[in-house]
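File shown here: structure_14.cif, holding mmCIF, C-alpha atoms.
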data_target
loop_
_atom_site.label_atom_id
_atom_site.label_comp_id
_atom_site.auth_asym_id
_atom_site.auth_seq_id
_atom_site.Cartn_x
_atom_site.Cartn_y
_atom_site.Cartn_z
CA MET A 1 -39.60 -40.25 -27.85
CA ASN A 2 -36.94 -38.22 -29.65
CA ASP A 3 -33.55 -39.95 -29.78
CA ARG A 4 -31.77 -37.23 -31.73
CA PRO A 5 -28.89 -36.05 -29.53
CA ASP A 6 -29.07 -32.45 -30.85
CA LEU A 7 -32.69 -32.16 -29.64
CA ALA A 8 -32.19 -33.85 -26.30
CA PRO A 9 -32.88 -31.67 -23.29
CA PRO A 10 -29.73 -30.10 -21.87
CA ALA A 11 -28.19 -31.72 -18.83
CA PRO A 12 -28.90 -29.82 -15.63
CA ALA A 13 -26.14 -27.42 -14.69
CA VAL A 14 -24.01 -28.45 -11.76
CA PRO A 15 -23.97 -25.56 -9.30
CA GLU A 16 -20.59 -24.22 -8.38
CA SER A 17 -19.72 -25.14 -4.83
CA PRO A 18 -18.94 -22.45 -2.25
CA THR A 19 -15.44 -23.93 -1.99
CA ASP A 20 -14.85 -23.44 -5.72
CA VAL A 21 -16.10 -19.86 -5.52
CA SER A 22 -13.93 -19.19 -2.48
CA THR A 23 -10.85 -20.69 -4.16
CA ALA A 24 -11.39 -18.65 -7.33
CA ALA A 25 -11.90 -15.47 -5.31
CA SER A 26 -8.73 -16.15 -3.30
CA ARG A 27 -6.70 -16.67 -6.46
CA SER A 28 -7.94 -13.46 -8.02
CA GLY A 29 -7.33 -11.72 -4.70
CA LEU A 30 -3.72 -12.91 -4.70
CA LEU A 31 -3.21 -11.53 -8.19
CA LEU A 32 -4.79 -8.20 -7.22
CA VAL A 33 -2.78 -7.68 -4.05
CA GLY A 34 0.37 -8.84 -5.85
CA ALA A 35 -0.21 -6.15 -8.48
CA ALA A 36 -1.03 -3.66 -5.70
CA VAL A 37 2.34 -4.32 -4.06
CA LEU A 38 4.11 -3.56 -7.34
CA PHE A 39 2.39 -0.16 -7.47
CA PHE A 40 2.92 0.42 -3.71
CA SER A 41 6.64 -0.11 -4.20
CA THR A 42 6.99 3.07 -6.24
CA SER A 43 5.97 5.15 -3.22
CA PRO A 44 9.34 5.49 -1.38
CA VAL A 45 11.19 6.73 -4.47
CA LEU A 46 8.41 9.17 -5.40
CA VAL A 47 8.17 10.45 -1.82
CA ARG A 48 11.93 10.98 -1.79
CA TRP A 49 11.68 13.12 -4.93
CA ALA A 50 8.67 15.11 -3.67
CA ALA A 51 10.19 15.67 -0.22
CA VAL A 52 13.06 17.69 -1.70
CA SER A 53 10.85 20.79 -1.48
CA LEU A 54 7.51 19.78 0.07
CA SER A 55 6.58 18.83 3.63
CA SER A 56 5.36 15.33 4.35
CA TYR A 57 1.89 16.64 5.21
CA GLU A 58 1.59 18.48 1.89
CA ILE A 59 2.63 15.30 0.09
CA ALA A 60 0.19 13.10 2.01
CA ALA A 61 -2.78 15.46 1.71
CA GLY A 62 -2.08 16.19 -1.94
CA ARG A 63 -1.81 12.57 -2.99
CA LEU A 64 -4.99 11.61 -1.12
CA LEU A 65 -7.04 14.49 -2.51
CA LEU A 66 -5.86 13.94 -6.09
CA ALA A 67 -6.35 10.18 -5.89
CA GLY A 68 -9.86 10.62 -4.47
CA LEU A 69 -10.87 12.97 -7.28
CA LEU A 70 -9.31 10.67 -9.89
CA VAL A 71 -11.01 7.48 -8.70
CA LEU A 72 -14.40 9.17 -8.22
CA SER A 73 -14.11 10.63 -11.73
CA VAL A 74 -13.53 7.15 -13.13
CA ALA A 75 -16.56 5.92 -11.17
CA ALA A 76 -18.67 8.76 -12.63
CA LEU A 77 -17.52 7.95 -16.18
CA ARG A 78 -18.62 4.36 -15.58
CA GLY A 79 -22.05 5.62 -14.59
CA GLU A 80 -21.70 4.65 -10.93
CA ARG A 81 -23.72 6.69 -8.46
CA LEU A 82 -22.47 7.95 -5.15
CA ALA A 83 -23.54 5.92 -2.17
CA ALA A 84 -26.65 6.86 -0.25
CA PRO A 85 -26.21 9.66 2.31
CA ALA A 86 -26.52 7.06 5.06
CA ARG A 87 -23.08 5.76 3.98
CA TRP A 88 -21.35 9.14 4.16
CA PRO A 89 -20.54 9.02 7.89
CA MET A 90 -18.76 5.72 7.23
CA PHE A 91 -16.67 7.37 4.50
CA VAL A 92 -15.76 10.20 6.87
CA LEU A 93 -14.82 7.77 9.65
CA VAL A 94 -12.74 5.40 7.51
CA GLY A 95 -11.19 8.44 5.81
CA LEU A 96 -10.11 9.60 9.26
CA VAL A 97 -8.57 6.18 9.89
CA ALA A 98 -6.66 6.44 6.60
CA ALA A 99 -5.54 9.98 7.46
CA ILE A 100 -4.28 8.83 10.88
CA HIS A 101 -2.43 5.94 9.24
CA PHE A 102 -0.56 8.26 6.88
CA GLY A 103 -0.22 11.08 9.41
CA ALA A 104 1.04 8.88 12.25
CA TYR A 105 3.63 7.26 10.00
CA ILE A 106 4.84 10.67 8.80
CA GLY A 107 4.90 12.00 12.37
CA SER A 108 6.83 8.98 13.65
CA LEU A 109 9.73 9.85 11.36
CA SER A 110 10.24 13.11 13.31
CA PHE A 111 10.93 11.18 16.52
CA THR A 112 12.26 7.75 15.61
CA THR A 113 14.36 6.16 12.91
CA ILE A 114 13.06 4.91 9.58
CA ALA A 115 14.10 1.40 10.65
CA HIS A 116 11.99 1.57 13.81
CA SER A 117 9.04 3.06 11.98
CA LEU A 118 9.00 0.50 9.16
CA ALA A 119 9.45 -2.43 11.52
CA LEU A 120 6.53 -1.28 13.71
CA VAL A 121 4.18 -0.18 10.90
CA TYR A 122 4.41 -3.62 9.35
CA THR A 123 3.21 -5.32 12.49
CA ALA A 124 -0.22 -4.45 11.01
CA PRO A 125 -1.00 -8.09 10.06
CA ILE A 126 -0.96 -9.05 13.74
CA PHE A 127 -3.55 -6.38 14.58
CA SER A 128 -5.51 -7.31 11.47
CA ALA A 129 -5.64 -10.94 12.59
CA LEU A 130 -6.73 -9.97 16.13
CA LEU A 131 -9.39 -7.54 14.92
CA SER A 132 -10.67 -10.00 12.30
CA TRP A 133 -11.03 -12.62 15.04
CA TRP A 134 -12.81 -10.16 17.33
CA LEU A 135 -15.04 -8.37 14.78
CA LEU A 136 -15.51 -10.91 11.97
CA GLY A 137 -15.18 -14.21 13.80
CA GLU A 138 -12.30 -15.29 11.53
CA THR A 139 -9.79 -17.71 12.99
CA LEU A 140 -6.22 -18.57 12.11
CA LYS A 141 -4.51 -21.91 12.66
CA PRO A 142 -1.31 -22.13 14.75
CA ARG A 143 0.77 -22.56 11.60
CA GLN A 144 -0.64 -19.30 10.22
CA TRP A 145 0.01 -17.41 13.45
CA THR A 146 3.58 -18.67 13.26
CA GLY A 147 3.78 -17.41 9.69
CA ILE A 148 2.61 -13.93 10.73
CA VAL A 149 5.25 -13.73 13.46
CA ILE A 150 7.96 -14.92 11.05
CA ALA A 151 6.88 -12.44 8.35
CA VAL A 152 6.88 -9.49 10.75
CA THR A 153 10.27 -10.59 12.09
CA GLY A 154 11.55 -10.62 8.52
CA VAL A 155 10.36 -7.04 8.01
CA ALA A 156 12.15 -6.03 11.22
CA ILE A 157 15.37 -7.64 9.98
CA MET A 158 14.89 -6.01 6.58
CA ALA A 159 14.48 -2.57 8.15
CA GLY A 160 17.48 -3.01 10.41
CA PHE A 161 15.41 -2.79 13.60
CA GLU A 162 17.47 -2.16 16.74
CA PRO A 163 15.55 -1.49 19.99
CA ARG A 164 16.15 1.83 21.76
CA PHE A 165 14.13 3.16 24.65
CA ASP A 166 14.68 6.91 25.21
CA ARG A 167 11.59 9.11 25.52
CA THR A 168 11.85 10.65 22.03
CA MET A 169 12.16 7.23 20.40
CA LEU A 170 9.25 5.99 22.49
CA ILE A 171 6.99 8.74 21.09
CA GLY A 172 8.01 7.90 17.53
CA ASP A 173 7.55 4.18 18.10
CA ALA A 174 4.09 4.81 19.57
CA LEU A 175 3.11 6.81 16.47
CA ALA A 176 4.39 4.04 14.20
CA LEU A 177 2.41 1.51 16.20
CA LEU A 178 -0.69 3.72 15.84
CA SER A 179 -0.07 3.72 12.08
CA ALA A 180 0.01 -0.09 12.12
CA VAL A 181 -3.25 -0.37 14.06
CA THR A 182 -5.05 2.08 11.78
CA PHE A 183 -3.76 0.28 8.67
CA ALA A 184 -5.28 -2.92 10.05
CA ILE A 185 -8.60 -1.14 10.75
CA TYR A 186 -8.54 0.39 7.25
CA SER A 187 -8.06 -3.10 5.79
CA ILE A 188 -10.90 -4.66 7.78
CA ALA A 189 -13.23 -1.78 6.90
CA GLY A 190 -12.53 -2.37 3.21
CA HIS A 191 -13.27 -6.06 3.64
CA ARG A 192 -16.56 -5.42 5.48
CA GLN A 193 -17.86 -2.91 2.93
CA ARG A 194 -17.40 -5.25 -0.05
CA HIS A 195 -21.15 -6.02 -0.28
CA HIS A 196 -22.42 -2.50 0.40
CA VAL A 197 -20.56 0.01 -1.79
CA SER A 198 -18.95 -0.30 -5.23
CA LEU A 199 -15.17 -0.51 -5.22
CA LEU A 200 -14.46 2.77 -7.02
CA VAL A 201 -16.98 4.83 -5.06
CA TYR A 202 -15.72 3.38 -1.76
CA ALA A 203 -12.01 3.85 -2.53
CA GLY A 204 -12.41 7.32 -4.02
CA ALA A 205 -14.54 8.57 -1.13
CA ILE A 206 -12.07 7.23 1.44
CA TYR A 207 -9.09 8.86 -0.26
CA LEU A 208 -10.92 12.18 -0.60
CA ALA A 209 -12.07 12.13 3.03
CA GLY A 210 -8.55 11.26 4.20
CA GLY A 211 -7.09 14.15 2.22
CA LEU A 212 -9.62 16.58 3.69
CA TRP A 213 -8.72 15.44 7.20
CA LEU A 214 -5.03 16.14 6.48
CA LEU A 215 -5.62 19.44 4.68
CA PRO A 216 -5.29 21.66 7.81
CA LEU A 217 -1.86 20.17 8.57
CA ALA A 218 -0.83 20.67 4.96
CA ALA A 219 -1.99 24.31 5.13
CA LEU A 220 0.07 24.90 8.28
CA ASN A 221 3.17 23.61 6.47
CA PHE A 222 2.45 25.36 3.15
CA SER A 223 5.37 26.89 1.28
CA ALA A 224 4.71 28.32 -2.19
CA ARG A 225 8.36 27.96 -3.17
CA GLY A 226 8.19 24.24 -2.59
CA TYR A 227 5.79 23.66 -5.46
CA THR A 228 8.37 23.13 -8.17
CA LEU A 229 7.54 21.16 -11.31
CA PRO A 230 9.43 18.01 -10.17
CA ALA A 231 7.67 18.11 -6.79
CA ILE A 232 4.24 18.56 -8.34
CA LEU A 233 4.84 15.76 -10.84
CA SER A 234 6.01 13.48 -8.01
CA VAL A 235 2.85 14.16 -5.97
CA VAL A 236 0.68 13.54 -9.03
CA ALA A 237 2.53 10.28 -9.64
CA LEU A 238 2.01 9.34 -5.98
CA ALA A 239 -1.70 9.99 -6.36
CA VAL A 240 -2.03 7.94 -9.53
CA ILE A 241 0.38 5.00 -9.14
CA PRO A 242 0.70 3.76 -5.53
CA LEU A 243 -2.58 5.25 -4.27
CA GLY A 244 -5.07 5.62 -7.12
CA VAL A 245 -4.11 2.31 -8.73
CA GLY A 246 -2.23 0.46 -5.97
CA HIS A 247 -4.59 1.06 -3.04
CA THR A 248 -7.64 0.54 -5.22
CA LEU A 249 -6.28 -2.87 -6.25
CA TYR A 250 -5.59 -3.48 -2.54
CA ASN A 251 -9.21 -2.68 -1.71
CA ALA A 252 -10.32 -4.97 -4.55
CA ALA A 253 -8.26 -7.79 -3.03
CA LEU A 254 -9.90 -7.12 0.35
CA ARG A 255 -13.22 -8.03 -1.28
CA ARG A 256 -11.92 -11.48 -2.19
CA MET A 257 -9.60 -12.52 0.64
CA ARG A 258 -9.22 -12.25 4.37
CA ALA A 259 -8.00 -8.84 5.46
CA THR A 260 -5.12 -10.45 7.39
CA ASN A 261 -3.77 -12.25 4.31
CA VAL A 262 -4.02 -9.15 2.13
CA ASN A 263 -2.41 -7.05 4.86
CA LEU A 264 0.43 -9.53 5.18
CA ILE A 265 1.24 -9.60 1.47
CA ALA A 266 1.25 -5.79 1.49
CA THR A 267 4.34 -5.89 3.72
CA GLN A 268 6.26 -6.73 0.56
CA GLU A 269 6.02 -3.06 -0.34
CA VAL A 270 9.28 -2.89 1.60
CA THR A 271 10.86 -5.49 -0.71
CA GLY A 272 9.63 -3.75 -3.84
CA GLY A 273 10.81 -0.41 -2.54
CA ILE A 274 14.28 -1.85 -1.91
CA LEU A 275 14.46 -3.23 -5.45
CA LEU A 276 13.38 0.10 -6.96
CA GLY A 277 15.87 1.85 -4.71
CA ILE A 278 18.60 -0.26 -6.28
CA LEU A 279 17.44 0.55 -9.81
CA LEU A 280 16.53 4.25 -9.43
CA LEU A 281 18.54 5.53 -6.46
CA GLY A 282 21.56 3.24 -6.51
CA GLU A 283 20.93 2.10 -2.91
CA ILE A 284 22.41 -1.40 -2.54
CA PRO A 285 20.74 -3.49 0.21
CA SER A 286 22.79 -5.07 2.97
CA LEU A 287 23.00 -8.77 3.72
CA ALA A 288 20.59 -8.22 6.64
CA THR A 289 18.06 -6.70 4.24
CA LEU A 290 18.27 -9.64 1.86
CA THR A 291 17.95 -12.03 4.80
CA GLY A 292 14.85 -10.18 5.98
CA ILE A 293 13.25 -10.50 2.56
CA GLY A 294 13.79 -14.27 2.62
CA VAL A 295 12.42 -14.63 6.17
CA THR A 296 9.32 -12.58 5.31
CA LEU A 297 8.57 -14.70 2.24
CA VAL A 298 8.77 -17.86 4.36
CA GLY A 299 6.22 -16.38 6.77
CA ILE A 300 3.85 -15.43 3.94
CA ILE A 301 4.06 -18.94 2.48
CA LEU A 302 3.14 -20.43 5.87
CA VAL A 303 0.05 -18.21 6.10
CA LEU A 304 -1.22 -18.45 2.55
CA PHE A 305 -0.52 -22.09 1.78
CA GLU A 306 -2.02 -23.75 4.82
CA PRO A 307 -2.61 -27.43 3.91
CA ALA A 308 -6.14 -28.81 4.15
#

Translate the structure of the given file into C-alpha cells.
Amino acid sequence: MNDRPDLAPPAPAVPESPTDVSTAASRSGLLLVGAAVLFFSTSPVLVRWAAVSLSSYEIAAGRLLLAGLLVLSVAALRGERLAAPARWPMFVLVGLVAAIHFGAYIGSLSFTTIAHSLALVYTAPIFSALLSWWLLGETLKPRQWTGIVIAVTGVAIMAGFEPRFDRTMLIGDALALLSAVTFAIYSIAGHRQRHHVSLLVYAGAIYLAGGLWLLPLAALNFSARGYTLPAILSVVALAVIPLGVGHTLYNAALRRMRATNVNLIATQEVTGGILLGILLLGEIPSLATLTGIGVTLVGIILVLFEPA
C-alpha cells in the first residue's frame, strides 16, 4: 500500500448541485441585464438626435437592419453557423413580434402622450409573468407579484402618468399596451430558445427579420434630405449601442434568468434615460420622477430578493 500523499488517488469530485448552478446563472444574468440597461439607456437621447430629420419608422428599421447585420457578422467571424432551415420560421415570427413592439410604441406616440406610452409599455413584466405561468409553468410568490405591481406603479409615477379617456388617447394607449405585450412575448421567446440556437445567431436573425418587417413602413416615410451625417451617425449608434450590444446582453440574460425578472429590470431603461437626459440634454427630472425611480427600485428588490 502506498502511503505517499502525492501518489494517493485523487478524491472524487463533488458534483455541483442544481441550486449552485441556478444561483451562479442568476448572478451572471443580473450582471448581464444590468449592463444591458446601461446600453438601453442611451436610446432616448440617440433617438432624439436622429428624429431631427428622420421618421421614427426609418430610425426603427435602420437600427434593426444594421444591428442584425452587425451581430450576424460577429457570429460568422466566430465560426458560428446559421441555424438549420427548420428554425427560420421561428426567426421570422419572433422578428415580427420585435417589429410590432417597436412599431406599436412608435405609433402610440402619434395618438397619446409620451407619459401614457412609457407607463403602459413598461407594464410588460405583468404580461411576462402571466405568459411565463401559462406557457412555461413558472410561478411567482405573492411577495413577487406585489413587487411587480409596485415596480410598474413606480414607472407610471416616473413617466407622469395621468389617465385620459378620449378616443384618440384610447388608440394610442392600446398601441402602447400592444407594445408591452409583444415585449413580453419577445422576452419569453428568447428564454425558450436558449438551448436551441446560439446567442449571436438568434439575436442577429431576430433583429434582421424585425428590420425587414419594418422596411415597407420606412420606405413609405423615406426622405432623402433627412439623411444628414448627424442623423446617420445617430442611427448607427442606435444599432450598435442599445440594440446590437444592449439587446444582445438582454437576450444573454434571458438564457440565465426568468423572463419576468429580466423584463422587470429592463424597466430601469427609463431611469438611465433620465440620468443621461440630465447629462446630455440638460433635462432636470421632477420630484415625481425621482419618487417613481425609488418606488420602482423597491418593487424590483421585492421580486429579485425573495427570501427562501

Problem set entry | Minimum-distance residue to A:Ser56, chosen among A:Pro89, A:Gly79, A:Gly211, A:Gly103 (using only C-alpha atoms) |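 Closest to A:Ser56, using only C-alpha atoms: A:Gly103.
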
Problem set entry | Counting all atoms listed in the file, the residue of A:Val121, A:Leu229, A:Val74, A:Val197 that sits nearest A:Phe91 |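 Result for the nearest residue to A:Phe91: A:Val197.
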
Exercise. Which residues match the PyMOL selection byres ((chain A and resi 72) around 12) in the file above, as a ChimeraX atom specification?
Worked result: /A:65-71,73-83,198-209,244,248

Resulting file, chosen residues, C-alpha atoms, as a compact mmCIF listing (two decimals), in the frame of the given file:
# COMPACT_ATOMS: atom_id res chain seq x y z
CA LEU A 65 -7.04 14.49 -2.51
CA LEU A 66 -5.86 13.94 -6.09
CA ALA A 67 -6.35 10.18 -5.89
CA GLY A 68 -9.86 10.62 -4.47
CA LEU A 69 -10.87 12.97 -7.28
CA LEU A 70 -9.31 10.67 -9.89
CA VAL A 71 -11.01 7.48 -8.70
CA SER A 73 -14.11 10.63 -11.73
CA VAL A 74 -13.53 7.15 -13.13
CA ALA A 75 -16.56 5.92 -11.17
CA ALA A 76 -18.67 8.76 -12.63
CA LEU A 77 -17.52 7.95 -16.18
CA ARG A 78 -18.62 4.36 -15.58
CA GLY A 79 -22.05 5.62 -14.59
CA GLU A 80 -21.70 4.65 -10.93
CA ARG A 81 -23.72 6.69 -8.46
CA LEU A 82 -22.47 7.95 -5.15
CA ALA A 83 -23.54 5.92 -2.17
CA SER A 198 -18.95 -0.30 -5.23
CA LEU A 199 -15.17 -0.51 -5.22
CA LEU A 200 -14.46 2.77 -7.02
CA VAL A 201 -16.98 4.83 -5.06
CA TYR A 202 -15.72 3.38 -1.76
CA ALA A 203 -12.01 3.85 -2.53
CA GLY A 204 -12.41 7.32 -4.02
CA ALA A 205 -14.54 8.57 -1.13
CA ILE A 206 -12.07 7.23 1.44
CA TYR A 207 -9.09 8.86 -0.26
CA LEU A 208 -10.92 12.18 -0.60
CA ALA A 209 -12.07 12.13 3.03
CA GLY A 244 -5.07 5.62 -7.12
CA THR A 248 -7.64 0.54 -5.22

For this session: Can you pull out every residue within 7 Å of A:Ala99, counting all atoms listed in the file, but drop anything in the same chain fewer than 5 positions away, and send it as a list in words?
Result: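 My list of contacting residues is Gly210, Gly211, Trp213 and Leu214 of chain A.
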
Seminar exercise, completed: One residue among A:Ala239, A:Leu109, A:Ala104, A:Leu254 is nearest to A:Ala266 when using all atoms listed in the file, and that residue is A:Leu254

For this session: Excluding A:His191 and residues on its chain fewer than 5 positions from it, collect all residues at most 9 Å away from it, counting all atoms listed in the file, and give them as number ranges by chain.
Result: A: 186, 251-259

For this session: Find the residues near A:Ile300: any atom within 8 Å, counting all atoms listed in the file, skip ones fewer than 2 places away on the same chain, and give them as an NGL selection string.
Result: :A and (147-148 or 151 or 264-265 or 296-298 or 302-304)

Exercise. From the set A:Leu136, A:Leu238, A:Val149, A:Ala231, which residue has the shortest atom-to-atom contact distance to A:Ser41, counting only C-alpha atoms?
Worked result: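 Among the listed residues, the smallest separation from A:Ser41 belongs to A:Leu238.
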